[in-house]
Each structure stands twice: as structure tokens, then as C-alpha cells.
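Asks: First, the structure itself, so that you have it in front of you.
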Number of protein chains: 4
Amino acid sequence: MKSRLAGRRGGGFLDEMNSLTDSTTTVAELKTRVLAFVRERDWEQFHSPKNLSMALAAEAGELMEHFLWATPEESKAIMADAAKRQKIADELADVVVYALGFANATGLDVAAAIETKMIANGKKYPVEKAKGRSEKYDEL
Amino acid sequence: MKSRLAGRRGGGFLDEMNSLTDSTTTVAELKTRVLAFVRERDWEQFHSPKNLSMALAAEAGELMEHFLWATPEESKAIMADAAKRQKIADELADVVVYALGFANATGLDVAAAIETKMIANGKKYPVEKAKGRSEKYDEL
Amino acid sequence: MKSRLAGRRGGGFLDEMNSLTDSTTTVAELKTRVLAFVRERDWEQFHSPKNLSMALAAEAGELMEHFLWATPEESKAIMADAAKRQKIADELADVVVYALGFANATGLDVAAAIETKMIANGKKYPVEKAKGRSEKYDEL
Amino acid sequence: MKSRLAGRRGGGFLDEMNSLTDSTTTVAELKTRVLAFVRERDWEQFHSPKNLSMALAAEAGELMEHFLWATPEESKAIMADAAKRQKIADELADVVVYALGFANATGLDVAAAIETKMIANGKKYPVEKAKGRSEKYDEL
């Protein structure tokens with residue numbers, strides 16, 4: 001990542017173009033990026049687990065606000081509106097930035113946590129019982 | 001990722017050990033993992049942007065619940081309790097899984113969205129004005 | 001309210017029956033009830049505006065969890081299931097209890113705040129423009 | 001309430017002054033007020049339990065946003081700032097309006113639900129065990 005960022009920051013016509021994509025960016029690279037932003041501003045002092053969990057929940061609320069009165073079907077159409085799509089991408093980014101900030105502040109490994117949780121979820125929701133059903137595991 | 005997962009699934013002594021870590025896992029690999037879980041269970045029918053934004057916000061609420069009555073300082077100590085730390089890692093995983101599920105369902109690129117948003121945030125919160133301050137950009 | 005509560009607490013056959021109803025209970029009576037509960041447990045020390053706003057948001061998340069995967073129509077049917085209805089009533093109570101606790105801790109008058117806000121909302125959403133439409137006021 | 005509202009609406013010098021206060025307003029009067037606002041705009045079609053629970057959670061997130069980076073102590077000082085206090089009162093109003101809207105849409109009695117829940121809470125958190133402690137009931 002270092003060279004990629006260095007290149008981007010080196011300026012030139014690529015400046016401010018997106019150089020990060022999901023296919024080529026590790027979670028650790030995103031975490032480093034978030035941490036650098038926070039450190040530059042001396043914001044680690046505010047980033048307790050409590051505060052970051054609040055900020056994350058508040059941003060999740062803002063993401064949700066775009067879909068309050070839409071039906072689930074209509075919420076798909078909202079994503080096809082370019083201006084709204086950009087705002088929603090911004091809200092999603094805010095959510096993930098705080099999730100990564102939380103991981104930075106607490107030393108958690110996000111990918112490992114996801115793997116652990118998905119193995120547990122796989123047991124709670126075995127394919128043969130859960131297929132095509134939206135009930136909670138204790139109602140299956 | 002394919003070979004890594006194939007190896008893991010192939011069983012043997014590595015089964016159920018964490019093979020994913022932030023340093024070695026791209027966002028796209030996590031998205032693929034989440035998508036496979038959802039598809040196996042035929043759950044895409046429930047995964048509208050509206051529903052996923054709700055699920056994400058609900059999980060963010062659960063993460064936050066661990067810190068309700070703690071001071072910011074005390075919330076750091078909570079992370080040092082091994083049993084609580086595991087529960088909190090699980091909640092963080094849930095949050096990120098739904099964020100990735102949202103990205104899957106809507107075709108958003110999380111890393112690109114974060115990069116775009118962080119460039120915008122850098123302008124809203126220039127280092128010289130924002131350093132060491134927690135005010136919102138319109139109060140700086 | 002004093003005599004009503006006194007009567008209830010006096011025991012006898014009315015014990016644990018609901019004596020409060022929306023028609024006969026003022027907001028102040030509910031606030032007093034919540035405050036008494038908090039004071040008896042010496043919990044005011046934890047009830048800062050910050051903490052109460054978190055608890056309120058966390059409970060709102062729990063209320064929402066009952067409806068994550070339902071369509072809006074299906075969410076009405078959920079309310080007709082007696083066991084779920086009772087759980088949902090409990091979650092709604094939790095939300096309002098924390099809202100009242102917030103008002104207690106901050107000295108806000110809930111009814112006055114609602115009146116003020118609804119007058120403002122009436123101007124943002126005039127009947128002739130907003131009728132039958134779910135758009136935000138800046139999109140009407 | 002009818003005569004009070006009629007008087008207020010009748011205009012004259014009282015117009016737009018707050019006539020509702022917690023001491024003199026029943027929960028049912030607030031519910032009626034909220035319902036009238038919704039009906040005038042033909043918004044009941046959007047007010048499924050699912051949608052209202054989302055709106056409530058989103059508003060709870062907005063209330064919380066005022067306190068993200070403050071310590072619990074600092075959050076008390078925020079309430080003493082007149083401009084912020086008014087905004088926070090507005091957010092609290094939004095939360096309670098949606099809670100009452102939820103009760104309207106589902107036929108729940110808020111005061112009765114609170115009484116039932118507080119009796120249950122009293123058993124989960126007996127004074128002698130819970131006094132001065134912020135742990136969850138299963139950790140007391």
C-alpha cells in the first residue's frame with residue numbers, strides 16, 4: 001500500500017482519483033489509512049470504545065434514514081438514483097470507517113472476528129434448516 | 001482467496017482455525033465470503049438495502065450496549081476482559097458483515113467509498129483547524 | 001397520582017394489575033414513576049445525557065430487531081402474535097422510559113418539546129404539499 | 001384536551017405559545033395530537049410498525065450525535081448551552097413522537113406497557129442488589 005499511496009500523493013494527474021478498490025485493498029490497509037487520519041488530527045484521545053461505538057451507531061442511523069419510508073423493493077430503486085447513491089456510499093463509508101476505527105482502538109482483527117462469527121452463524125443457521133427462511137435461529 | 005478457502009474447507013487439521021487476518025485479506029475476499037453464506041441460505045430475497053441498513057443499525061446498537069454505563073475510560077478496561085472482548089468482537093463482526101452485505105446487495109465498492117469520503121473529510125477537517133478538537137466541522 | 005400509586009402499593013387484590021393507562025396518566029406522572037425507580041437504586045450517577053441517549057438508541061435498536069426481515073405489511077401481522085406483541089410492548093416501554101429519564105435528567109418538558117416541534121413540522125410539511133407523500137421536506 | 005386545543009387554534013394572542021406541559025397533558029392527548037398530524041397528511045399508509053421502528057431508531061441516533069465526543073460530565077454542560085438545548089429538545093420530541101406514532105399504529109397503551117415493564121425491571125433489579133451499581137442484572 002505504501003507505494004500506491006505514495007504514488008497517489010505524489011500528485012500528478014492521478015490526484016484524488018480513487019486508487020483503492022475492494023479487490024486490491026486489504027482490511028489492514030484501510031485500517032492504516034483511518035489511523036493516519038485520526039493521528040494527524042490528534043483525535044485518538046476521543047476514540048474510546050464507548051465513543052466509537054456511539055459514532056458507529058449514529059452513522060448507521062444516517063444510512064438507514066435514506067430508506068425509512070420506502071418498501072424493501074423501493075429501496076433498491078433508490079440505489080439507482082445517482083445523487084442518492086453517492087450520499088448512501090458516503091454513509092456506508094462513515095459506518096465502516098468507525099468500525100475500522102473501533103478495531104484500531106481496541107486491537108481487534110476484523111477479518112478474524114468475521115471468520116469466527118461466520119463459523120458460529122453457520123452452526124446457528126445450518127443450510128438445511130435456514131434455507132429461504134428469515135426466522136431467528138431459535139424459531140427455526 | 002479461492003485456494004486459501006479451498007484448503008481450509010478441504011478439512012484436515014486447519015479446520016475452523018482462523019485463516020483470515022486483516023493483513024492478508026482483501027475487502028473483496030470478505031465480501032465473497034459473506035455473499036457465499038447468504039446465497040447458500042437463499043437469503044438474498046431478504047437483503048434489500050432497507051432491510052440491511054436496519055440490520056446494520058440494530059447490530060451497531062448491540063455493540064454499543066456493552067458500553068452504556070461505562071465512562072470512556074472504563075470502556076477501555078472492558079476490552080481487557082477476555083469474555084467481554086470476545087462478545088464485543090462478535091458484535092463488531094456482525095456490524096461489518098452487514099456493511100459488506102449492504103455493499104454486495106448494492107454493488108458499492110467499500111474501499112473506494114472510504115477513500116472518497118476520507119478525502120472529503122480531510123477538507124472538512126483540515127489538520128490545522130481540527131487538531132486536538134472534537135467539534136463538528138461547522139463549529140471549528 | 002400519589003393516591004393511585006399509594007393504593008396500588010398498598011397491596012390487596014389490585015397488586016400488579018395495570019393501574020396506569022394513556023387516557024388517565026400525565027407525562028409528568030410517568031416521569032415521576034421513572035425517577036423514583038432510578039433514585040431508589042441510586043442510578044442518577046450513571047444518567048448523564050450522553051449515557052441516556054445511548055441507552056435510548058440501543059433500546060430503539062432492539063425494538064427494530066423484531067421487524068428486520070418483514071415487509072412493512074408483514075410487520076403488522078407480527079403485532080397480532082400475542083407473545084411477540086408483549087415483547088414489542090416491552091421494548092417500546094424501554095424506549096419511552098429512557099426518553100423520560102433523559103427528560104428527567106435534563107429538565108426538559110416532553111409535551112412542550114413535542115408541541116414546539118410539531119408546529120415546526122407543520123410548516124416544513126404543509127398539508128397541501130405533503131399529503132400522501134413520503135419525501136423529505138426538501139424534496140417536496 | 002379538546003377545549004384546550006380548540007382555544008389555542010381559535011387563534012388570538014395565545015397562538016403558537018406552548019399550551020401543553022407534562023404536568024397537564026396525558027399520554028393519550030399527545031397520541032391524539034400525533035395521530036391528527038399524521039392523518040391530515042394521509043401518512044398512515046407509511047406508518048407500518050417496521051417503518052416507525054426505523055424512524056424512531058434513526059431519531060434516537062440523531063439525539064445521540066450531540067454527545068458523541070463529550071464525556072458523560074461534559075454532556076451535562078452541553079445541555080446548558082441554550083441553542084444546543086433547543087436542538088436536543090427537538091430531537092427528543094422526534095423520538096417521542098415516533099414512539100407515540102408506533103403506539104397509535106399498533107394499538108399499544110404506553111403507560112400500561114411502562115407500568116408492566118417497570119414491575120418486571122423491579123424484580124430483575126431489586127434495590128438491595130442493584131443500588132449504586134450499573135451492571136446488567138445477570139452480572140449482579
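Every chain in the C-alpha cells has a letter given in the order shown (A, B, ...), and although residue numbers restart at 1 in each chain, ligands are simply numbered from 1 in the order shown.
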May I have a table of the residues of chain B lying at most 6 Å from chain A, giving each one's closest pair of atoms and their distance in Å to one decimal, counting only C-alpha atoms, ordered by chain and ascending residue number, as a Markdown table?
Replies:
| residue | atom | partner | partner_atom | distance |
| --- | --- | --- | --- | --- |
| B:Asn18 | CA | A:Ala112 | CA | 5.9 |
| B:Leu20 | CA | A:Ala112 | CA | 5.3 |
| B:Thr21 | CA | A:Ala111 | CA | 5.0 |
| B:Asp22 | CA | A:Ala28 | CA | 4.8 |
| B:Ser23 | CA | A:Ala28 | CA | 4.9 |
| B:Thr25 | CA | A:Thr26 | CA | 5.2 |
| B:Thr26 | CA | A:Thr26 | CA | 3.8 |
| B:Val27 | CA | A:Asp22 | CA | 4.8 |
| B:Ala28 | CA | A:Asp22 | CA | 4.8 |
| B:Arg41 | CA | A:Lys131 | CA | 4.2 |
| B:Asp42 | CA | A:Gly132 | CA | 4.9 |
| B:Trp43 | CA | A:Gly132 | CA | 5.8 |
| B:Ser48 | CA | A:Pro72 | CA | 5.5 |
| B:Pro49 | CA | A:Ser75 | CA | 5.8 |
| B:Lys50 | CA | A:Phe67 | CA | 5.3 |
| B:Ser53 | CA | A:Met64 | CA | 5.1 |
| B:Ala57 | CA | A:Ala60 | CA | 4.9 |
| B:Ala60 | CA | A:Ala57 | CA | 4.9 |
| B:Met64 | CA | A:Ser53 | CA | 5.1 |
| B:Phe67 | CA | A:Lys50 | CA | 5.3 |
| B:Pro72 | CA | A:Ser48 | CA | 5.5 |
| B:Ser75 | CA | A:Lys50 | CA | 5.6 |
| B:Ala89 | CA | A:Ala113 | CA | 5.8 |
| B:Asp90 | CA | A:Lys117 | CA | 5.9 |
| B:Ala93 | CA | A:Ile114 | CA | 4.7 |
| B:Asp109 | CA | A:Asp22 | CA | 5.9 |
| B:Ala111 | CA | A:Thr21 | CA | 5.0 |
| B:Ala112 | CA | A:Thr21 | CA | 5.2 |
| B:Ala113 | CA | A:Ala93 | CA | 5.5 |
| B:Ile114 | CA | A:Ala93 | CA | 4.7 |
| B:Lys117 | CA | A:Asp90 | CA | 5.9 |
| B:Val127 | CA | A:Arg41 | CA | 5.4 |
| B:Lys131 | CA | A:Arg41 | CA | 4.2 |
| B:Gly132 | CA | A:Asp42 | CA | 4.9 |
Asks: Report chain D as a compact mmCIF listing (two decimals) with N, CA and C atoms, in the first residue's frame in the frame of chain C, after least-squares superposition over all C-alpha atoms paired in order.
Replies:
# COMPACT_ATOMS: atom_id res chain seq x y z
N MET D 1 -51.94 11.40 41.12
CA MET D 1 -51.26 10.11 40.96
C MET D 1 -50.88 9.52 42.30
N LYS D 2 -50.55 10.40 43.25
CA LYS D 2 -50.06 9.91 44.53
C LYS D 2 -51.03 8.88 45.12
N SER D 3 -52.30 9.26 45.17
CA SER D 3 -53.25 8.36 45.82
C SER D 3 -53.40 7.06 45.01
N ARG D 4 -53.33 7.21 43.68
CA ARG D 4 -53.47 6.01 42.87
C ARG D 4 -52.32 5.04 43.14
N LEU D 5 -51.12 5.57 43.13
CA LEU D 5 -49.97 4.70 43.38
C LEU D 5 -50.02 4.15 44.80
N ALA D 6 -50.38 5.03 45.75
CA ALA D 6 -50.43 4.61 47.14
C ALA D 6 -51.40 3.43 47.25
N GLY D 7 -52.55 3.60 46.60
CA GLY D 7 -53.55 2.53 46.63
C GLY D 7 -52.97 1.24 46.06
N ARG D 8 -52.32 1.36 44.93
CA ARG D 8 -51.78 0.18 44.30
C ARG D 8 -50.74 -0.48 45.20
N ARG D 9 -49.88 0.38 45.74
CA ARG D 9 -48.82 -0.18 46.58
C ARG D 9 -49.35 -0.69 47.90
N GLY D 10 -50.48 -0.12 48.30
CA GLY D 10 -51.06 -0.54 49.57
C GLY D 10 -51.36 -2.04 49.51
N GLY D 11 -51.24 -2.57 48.33
CA GLY D 11 -51.40 -4.00 48.19
C GLY D 11 -52.85 -4.37 47.96
N GLY D 12 -53.27 -5.47 48.50
CA GLY D 12 -54.63 -5.92 48.25
C GLY D 12 -54.73 -6.54 46.88
N PHE D 13 -55.92 -6.80 46.45
CA PHE D 13 -56.09 -7.62 45.24
C PHE D 13 -55.68 -6.91 43.96
N LEU D 14 -55.45 -5.59 44.05
CA LEU D 14 -55.08 -4.88 42.83
C LEU D 14 -53.59 -4.99 42.53
N ASP D 15 -52.84 -5.51 43.48
CA ASP D 15 -51.38 -5.57 43.32
C ASP D 15 -50.97 -6.09 41.96
N GLU D 16 -50.09 -5.35 41.34
CA GLU D 16 -49.49 -5.75 40.07
C GLU D 16 -50.45 -5.72 38.89
N MET D 17 -51.67 -5.28 39.12
CA MET D 17 -52.51 -5.02 37.96
C MET D 17 -52.10 -3.67 37.38
N ASN D 18 -52.29 -3.50 36.09
CA ASN D 18 -51.98 -2.20 35.52
C ASN D 18 -52.98 -1.18 36.01
N SER D 19 -52.47 -0.14 36.65
CA SER D 19 -53.37 0.93 37.05
C SER D 19 -53.14 2.16 36.19
N LEU D 20 -52.08 2.14 35.41
CA LEU D 20 -51.80 3.28 34.55
C LEU D 20 -52.30 3.01 33.13
N THR D 21 -52.93 3.99 32.56
CA THR D 21 -53.31 3.91 31.15
C THR D 21 -53.05 5.26 30.50
N ASP D 22 -52.92 5.26 29.20
CA ASP D 22 -52.62 6.51 28.49
C ASP D 22 -53.68 7.58 28.73
N SER D 23 -54.94 7.14 28.86
CA SER D 23 -56.03 8.11 29.00
C SER D 23 -56.00 8.85 30.32
N THR D 24 -55.44 8.20 31.33
CA THR D 24 -55.56 8.76 32.68
C THR D 24 -54.22 9.14 33.28
N THR D 25 -53.15 9.00 32.52
CA THR D 25 -51.81 9.24 33.08
C THR D 25 -51.15 10.41 32.36
N THR D 26 -50.71 11.38 33.13
CA THR D 26 -49.98 12.49 32.51
C THR D 26 -48.52 12.09 32.29
N VAL D 27 -47.88 12.80 31.40
CA VAL D 27 -46.45 12.58 31.16
C VAL D 27 -45.68 12.77 32.46
N ALA D 28 -46.06 13.77 33.24
CA ALA D 28 -45.36 14.05 34.50
C ALA D 28 -45.48 12.87 35.46
N GLU D 29 -46.63 12.21 35.49
CA GLU D 29 -46.78 11.03 36.35
C GLU D 29 -45.83 9.92 35.94
N LEU D 30 -45.69 9.71 34.62
CA LEU D 30 -44.74 8.69 34.16
C LEU D 30 -43.31 9.09 34.50
N LYS D 31 -43.01 10.37 34.33
CA LYS D 31 -41.65 10.84 34.67
C LYS D 31 -41.35 10.61 36.15
N THR D 32 -42.32 10.89 36.99
CA THR D 32 -42.14 10.70 38.43
C THR D 32 -41.89 9.23 38.74
N ARG D 33 -42.63 8.41 38.08
CA ARG D 33 -42.48 6.96 38.28
C ARG D 33 -41.07 6.49 37.89
N VAL D 34 -40.62 6.95 36.75
CA VAL D 34 -39.28 6.58 36.28
C VAL D 34 -38.22 7.12 37.24
N LEU D 35 -38.39 8.35 37.66
CA LEU D 35 -37.41 8.98 38.56
C LEU D 35 -37.33 8.23 39.88
N ALA D 36 -38.47 7.81 40.40
CA ALA D 36 -38.47 7.09 41.68
C ALA D 36 -37.68 5.79 41.54
N PHE D 37 -37.86 5.09 40.44
CA PHE D 37 -37.15 3.84 40.19
C PHE D 37 -35.64 4.06 40.16
N VAL D 38 -35.25 5.11 39.48
CA VAL D 38 -33.82 5.44 39.33
C VAL D 38 -33.22 5.84 40.68
N ARG D 39 -33.95 6.67 41.41
CA ARG D 39 -33.43 7.18 42.69
C ARG D 39 -33.30 6.07 43.73
N GLU D 40 -34.29 5.19 43.78
CA GLU D 40 -34.24 4.07 44.73
C GLU D 40 -32.96 3.27 44.56
N ARG D 41 -32.50 3.17 43.31
CA ARG D 41 -31.30 2.36 43.00
C ARG D 41 -30.03 3.20 42.95
N ASP D 42 -30.15 4.47 43.26
CA ASP D 42 -28.99 5.36 43.24
C ASP D 42 -28.31 5.34 41.86
N TRP D 43 -29.13 5.38 40.84
CA TRP D 43 -28.61 5.29 39.47
C TRP D 43 -28.46 6.67 38.80
N GLU D 44 -28.84 7.73 39.50
CA GLU D 44 -28.72 9.03 38.83
C GLU D 44 -27.27 9.33 38.44
N GLN D 45 -26.33 8.77 39.20
CA GLN D 45 -24.91 8.99 38.89
C GLN D 45 -24.53 8.48 37.48
N PHE D 46 -25.29 7.50 36.96
CA PHE D 46 -24.97 6.96 35.62
C PHE D 46 -25.77 7.68 34.52
N HIS D 47 -26.76 8.46 34.94
CA HIS D 47 -27.72 8.99 33.97
C HIS D 47 -27.35 10.36 33.43
N SER D 48 -26.18 10.45 32.84
CA SER D 48 -25.81 11.65 32.10
C SER D 48 -26.61 11.67 30.79
N PRO D 49 -26.76 12.85 30.19
CA PRO D 49 -27.42 12.90 28.88
C PRO D 49 -26.76 11.96 27.87
N LYS D 50 -25.44 11.91 27.87
CA LYS D 50 -24.73 11.03 26.93
C LYS D 50 -25.16 9.58 27.12
N ASN D 51 -25.09 9.11 28.35
CA ASN D 51 -25.40 7.70 28.60
C ASN D 51 -26.85 7.37 28.30
N LEU D 52 -27.75 8.28 28.67
CA LEU D 52 -29.17 8.02 28.43
C LEU D 52 -29.49 8.03 26.94
N SER D 53 -28.82 8.90 26.19
CA SER D 53 -29.06 8.90 24.74
C SER D 53 -28.58 7.59 24.10
N MET D 54 -27.49 7.04 24.62
CA MET D 54 -27.00 5.74 24.13
C MET D 54 -27.99 4.63 24.47
N ALA D 55 -28.46 4.63 25.71
CA ALA D 55 -29.38 3.58 26.15
C ALA D 55 -30.66 3.64 25.33
N LEU D 56 -31.12 4.85 25.08
CA LEU D 56 -32.32 5.04 24.27
C LEU D 56 -32.12 4.49 22.86
N ALA D 57 -30.98 4.81 22.26
CA ALA D 57 -30.72 4.33 20.90
C ALA D 57 -30.57 2.81 20.87
N ALA D 58 -29.94 2.26 21.90
CA ALA D 58 -29.79 0.80 21.95
C ALA D 58 -31.15 0.12 22.06
N GLU D 59 -32.04 0.68 22.87
CA GLU D 59 -33.38 0.10 23.01
C GLU D 59 -34.19 0.26 21.72
N ALA D 60 -34.01 1.39 21.05
CA ALA D 60 -34.69 1.58 19.76
C ALA D 60 -34.22 0.52 18.77
N GLY D 61 -32.94 0.17 18.85
CA GLY D 61 -32.42 -0.90 18.00
C GLY D 61 -33.08 -2.24 18.31
N GLU D 62 -33.32 -2.49 19.59
CA GLU D 62 -33.96 -3.76 19.97
C GLU D 62 -35.42 -3.82 19.49
N LEU D 63 -36.10 -2.69 19.57
CA LEU D 63 -37.47 -2.64 19.05
C LEU D 63 -37.48 -2.98 17.56
N MET D 64 -36.55 -2.39 16.85
CA MET D 64 -36.45 -2.56 15.40
C MET D 64 -36.13 -3.99 15.01
N GLU D 65 -35.39 -4.68 15.86
CA GLU D 65 -34.96 -6.04 15.52
C GLU D 65 -36.14 -6.98 15.26
N HIS D 66 -37.27 -6.68 15.84
CA HIS D 66 -38.43 -7.54 15.62
C HIS D 66 -38.95 -7.48 14.18
N PHE D 67 -38.52 -6.47 13.44
CA PHE D 67 -39.11 -6.24 12.12
C PHE D 67 -38.10 -6.28 10.98
N LEU D 68 -36.89 -6.73 11.26
CA LEU D 68 -35.79 -6.60 10.27
C LEU D 68 -36.14 -7.15 8.91
N TRP D 69 -36.63 -8.37 8.87
CA TRP D 69 -36.77 -9.06 7.59
C TRP D 69 -38.20 -9.10 7.09
N ALA D 70 -39.10 -8.53 7.86
CA ALA D 70 -40.50 -8.46 7.45
C ALA D 70 -40.70 -7.32 6.45
N THR D 71 -41.64 -7.48 5.55
CA THR D 71 -42.07 -6.33 4.75
C THR D 71 -42.89 -5.43 5.68
N PRO D 72 -43.09 -4.18 5.28
CA PRO D 72 -43.95 -3.32 6.09
C PRO D 72 -45.31 -3.99 6.38
N GLU D 73 -45.89 -4.63 5.38
CA GLU D 73 -47.17 -5.32 5.60
C GLU D 73 -47.02 -6.44 6.63
N GLU D 74 -46.00 -7.26 6.46
CA GLU D 74 -45.80 -8.36 7.40
C GLU D 74 -45.56 -7.86 8.82
N SER D 75 -45.00 -6.68 8.94
CA SER D 75 -44.74 -6.16 10.29
C SER D 75 -46.03 -5.92 11.05
N LYS D 76 -47.11 -5.67 10.32
CA LYS D 76 -48.42 -5.51 10.99
C LYS D 76 -48.88 -6.86 11.55
N ALA D 77 -48.66 -7.91 10.78
CA ALA D 77 -49.07 -9.25 11.23
C ALA D 77 -48.29 -9.68 12.49
N ILE D 78 -47.03 -9.28 12.55
CA ILE D 78 -46.22 -9.61 13.73
C ILE D 78 -46.89 -9.10 15.00
N MET D 79 -47.48 -7.92 14.90
CA MET D 79 -48.14 -7.32 16.08
C MET D 79 -49.36 -8.12 16.52
N ALA D 80 -49.86 -8.96 15.66
CA ALA D 80 -51.05 -9.75 16.02
C ALA D 80 -50.69 -11.05 16.73
N ASP D 81 -49.41 -11.36 16.79
CA ASP D 81 -48.93 -12.55 17.51
C ASP D 81 -48.77 -12.15 18.98
N ALA D 82 -49.54 -12.78 19.86
CA ALA D 82 -49.62 -12.30 21.25
C ALA D 82 -48.27 -12.30 21.96
N ALA D 83 -47.49 -13.35 21.78
CA ALA D 83 -46.20 -13.42 22.48
C ALA D 83 -45.26 -12.33 21.97
N LYS D 84 -45.23 -12.17 20.64
CA LYS D 84 -44.36 -11.13 20.08
C LYS D 84 -44.86 -9.74 20.48
N ARG D 85 -46.18 -9.58 20.48
CA ARG D 85 -46.75 -8.28 20.85
C ARG D 85 -46.30 -7.86 22.25
N GLN D 86 -46.27 -8.82 23.16
CA GLN D 86 -45.85 -8.49 24.52
C GLN D 86 -44.37 -8.07 24.55
N LYS D 87 -43.54 -8.81 23.81
CA LYS D 87 -42.12 -8.44 23.78
C LYS D 87 -41.92 -7.05 23.17
N ILE D 88 -42.69 -6.78 22.14
CA ILE D 88 -42.57 -5.48 21.46
C ILE D 88 -43.07 -4.36 22.37
N ALA D 89 -44.15 -4.63 23.11
CA ALA D 89 -44.62 -3.64 24.09
C ALA D 89 -43.53 -3.35 25.12
N ASP D 90 -42.82 -4.41 25.53
CA ASP D 90 -41.72 -4.23 26.48
C ASP D 90 -40.61 -3.35 25.89
N GLU D 91 -40.29 -3.58 24.62
CA GLU D 91 -39.23 -2.77 24.00
C GLU D 91 -39.67 -1.31 23.87
N LEU D 92 -40.93 -1.12 23.48
CA LEU D 92 -41.43 0.25 23.38
C LEU D 92 -41.37 0.94 24.75
N ALA D 93 -41.74 0.19 25.78
CA ALA D 93 -41.67 0.74 27.14
C ALA D 93 -40.23 1.15 27.47
N ASP D 94 -39.28 0.30 27.14
CA ASP D 94 -37.87 0.63 27.41
C ASP D 94 -37.47 1.94 26.73
N VAL D 95 -37.87 2.07 25.48
CA VAL D 95 -37.55 3.29 24.74
C VAL D 95 -38.13 4.52 25.44
N VAL D 96 -39.42 4.44 25.81
CA VAL D 96 -40.05 5.63 26.39
C VAL D 96 -39.51 5.88 27.80
N VAL D 97 -39.20 4.82 28.53
CA VAL D 97 -38.61 5.01 29.87
C VAL D 97 -37.29 5.79 29.76
N TYR D 98 -36.46 5.44 28.79
CA TYR D 98 -35.20 6.19 28.65
C TYR D 98 -35.44 7.60 28.14
N ALA D 99 -36.44 7.78 27.29
CA ALA D 99 -36.76 9.14 26.84
C ALA D 99 -37.21 10.00 28.03
N LEU D 100 -38.02 9.40 28.90
CA LEU D 100 -38.47 10.14 30.08
C LEU D 100 -37.32 10.33 31.06
N GLY D 101 -36.45 9.34 31.16
CA GLY D 101 -35.27 9.48 32.01
C GLY D 101 -34.37 10.61 31.51
N PHE D 102 -34.26 10.70 30.19
CA PHE D 102 -33.49 11.80 29.60
C PHE D 102 -34.12 13.15 29.97
N ALA D 103 -35.44 13.21 29.87
CA ALA D 103 -36.14 14.45 30.23
C ALA D 103 -35.96 14.76 31.71
N ASN D 104 -36.01 13.75 32.54
CA ASN D 104 -35.77 13.96 33.97
C ASN D 104 -34.36 14.50 34.22
N ALA D 105 -33.39 13.89 33.58
CA ALA D 105 -31.99 14.26 33.84
C ALA D 105 -31.65 15.66 33.33
N THR D 106 -32.41 16.11 32.34
CA THR D 106 -32.05 17.38 31.68
C THR D 106 -33.06 18.49 31.95
N GLY D 107 -34.14 18.14 32.64
CA GLY D 107 -35.15 19.16 32.93
C GLY D 107 -36.01 19.56 31.74
N LEU D 108 -36.01 18.75 30.70
CA LEU D 108 -36.84 19.07 29.53
C LEU D 108 -38.30 18.69 29.78
N ASP D 109 -39.21 19.48 29.23
CA ASP D 109 -40.63 19.18 29.28
C ASP D 109 -41.01 18.52 27.94
N VAL D 110 -41.37 17.26 28.01
CA VAL D 110 -41.59 16.48 26.79
C VAL D 110 -42.78 17.00 25.99
N ALA D 111 -43.87 17.26 26.68
CA ALA D 111 -45.09 17.70 25.97
C ALA D 111 -44.85 19.05 25.30
N ALA D 112 -44.18 19.95 26.00
CA ALA D 112 -43.88 21.26 25.40
C ALA D 112 -42.93 21.09 24.21
N ALA D 113 -41.93 20.21 24.35
CA ALA D 113 -40.99 19.99 23.23
C ALA D 113 -41.73 19.43 22.02
N ILE D 114 -42.67 18.51 22.28
CA ILE D 114 -43.43 17.93 21.17
C ILE D 114 -44.29 19.00 20.51
N GLU D 115 -44.94 19.82 21.33
CA GLU D 115 -45.79 20.85 20.73
C GLU D 115 -44.95 21.79 19.85
N THR D 116 -43.82 22.23 20.38
CA THR D 116 -42.94 23.13 19.62
C THR D 116 -42.51 22.47 18.31
N LYS D 117 -42.10 21.21 18.41
CA LYS D 117 -41.58 20.52 17.22
C LYS D 117 -42.69 20.27 16.21
N MET D 118 -43.90 19.97 16.70
CA MET D 118 -44.97 19.69 15.74
C MET D 118 -45.43 20.95 15.02
N ILE D 119 -45.34 22.08 15.70
CA ILE D 119 -45.64 23.34 15.01
C ILE D 119 -44.61 23.57 13.90
N ALA D 120 -43.35 23.33 14.22
CA ALA D 120 -42.29 23.47 13.20
C ALA D 120 -42.50 22.46 12.06
N ASN D 121 -42.82 21.23 12.42
CA ASN D 121 -43.06 20.20 11.39
C ASN D 121 -44.23 20.58 10.49
N GLY D 122 -45.23 21.20 11.08
CA GLY D 122 -46.41 21.61 10.31
C GLY D 122 -46.02 22.61 9.22
N LYS D 123 -45.02 23.44 9.52
CA LYS D 123 -44.56 24.41 8.52
C LYS D 123 -43.67 23.75 7.47
N LYS D 124 -42.87 22.79 7.92
CA LYS D 124 -41.99 22.08 6.97
C LYS D 124 -42.81 21.17 6.05
N TYR D 125 -43.89 20.66 6.59
CA TYR D 125 -44.73 19.72 5.83
C TYR D 125 -46.16 20.23 5.77
N PRO D 126 -46.41 21.34 5.03
CA PRO D 126 -47.79 21.83 4.94
C PRO D 126 -48.67 20.76 4.28
N VAL D 127 -49.90 20.65 4.77
CA VAL D 127 -50.80 19.59 4.31
C VAL D 127 -50.90 19.56 2.78
N GLU D 128 -51.02 20.71 2.18
CA GLU D 128 -51.27 20.73 0.72
C GLU D 128 -50.09 20.19 -0.08
N LYS D 129 -48.89 20.32 0.47
CA LYS D 129 -47.72 19.78 -0.25
C LYS D 129 -47.39 18.35 0.16
N ALA D 130 -47.62 18.02 1.43
CA ALA D 130 -47.11 16.75 1.97
C ALA D 130 -48.11 15.62 1.89
N LYS D 131 -49.36 15.95 1.59
CA LYS D 131 -50.43 14.95 1.66
C LYS D 131 -50.13 13.72 0.81
N GLY D 132 -50.09 12.59 1.46
CA GLY D 132 -49.90 11.33 0.75
C GLY D 132 -48.50 11.12 0.20
N ARG D 133 -47.56 11.96 0.60
CA ARG D 133 -46.19 11.82 0.09
C ARG D 133 -45.20 11.58 1.22
N SER D 134 -44.19 10.77 0.93
CA SER D 134 -43.25 10.40 1.98
C SER D 134 -41.88 11.07 1.79
N GLU D 135 -41.76 11.96 0.82
CA GLU D 135 -40.47 12.62 0.60
C GLU D 135 -40.10 13.51 1.78
N LYS D 136 -38.81 13.76 1.92
CA LYS D 136 -38.36 14.74 2.91
C LYS D 136 -38.77 16.13 2.48
N TYR D 137 -38.92 17.03 3.44
CA TYR D 137 -39.45 18.36 3.14
C TYR D 137 -38.65 19.08 2.04
N ASP D 138 -37.34 18.80 1.95
CA ASP D 138 -36.55 19.51 0.94
C ASP D 138 -36.65 18.85 -0.44
N GLU D 139 -37.46 17.81 -0.53
CA GLU D 139 -37.69 17.18 -1.84
C GLU D 139 -39.15 17.31 -2.28
N LEU D 140 -39.95 17.96 -1.46
CA LEU D 140 -41.38 18.08 -1.80
C LEU D 140 -41.60 19.12 -2.91
Asks: Name the residues of chain A that fall into alpha helix (DSSP H) according to DSSP on the backbone, using the chain letters and numbers of this document, as an MDAnalysis selection string.
Replies: chainID A and resid 2:9 27:40 49:65 72:78 82:106 110:124 127:130
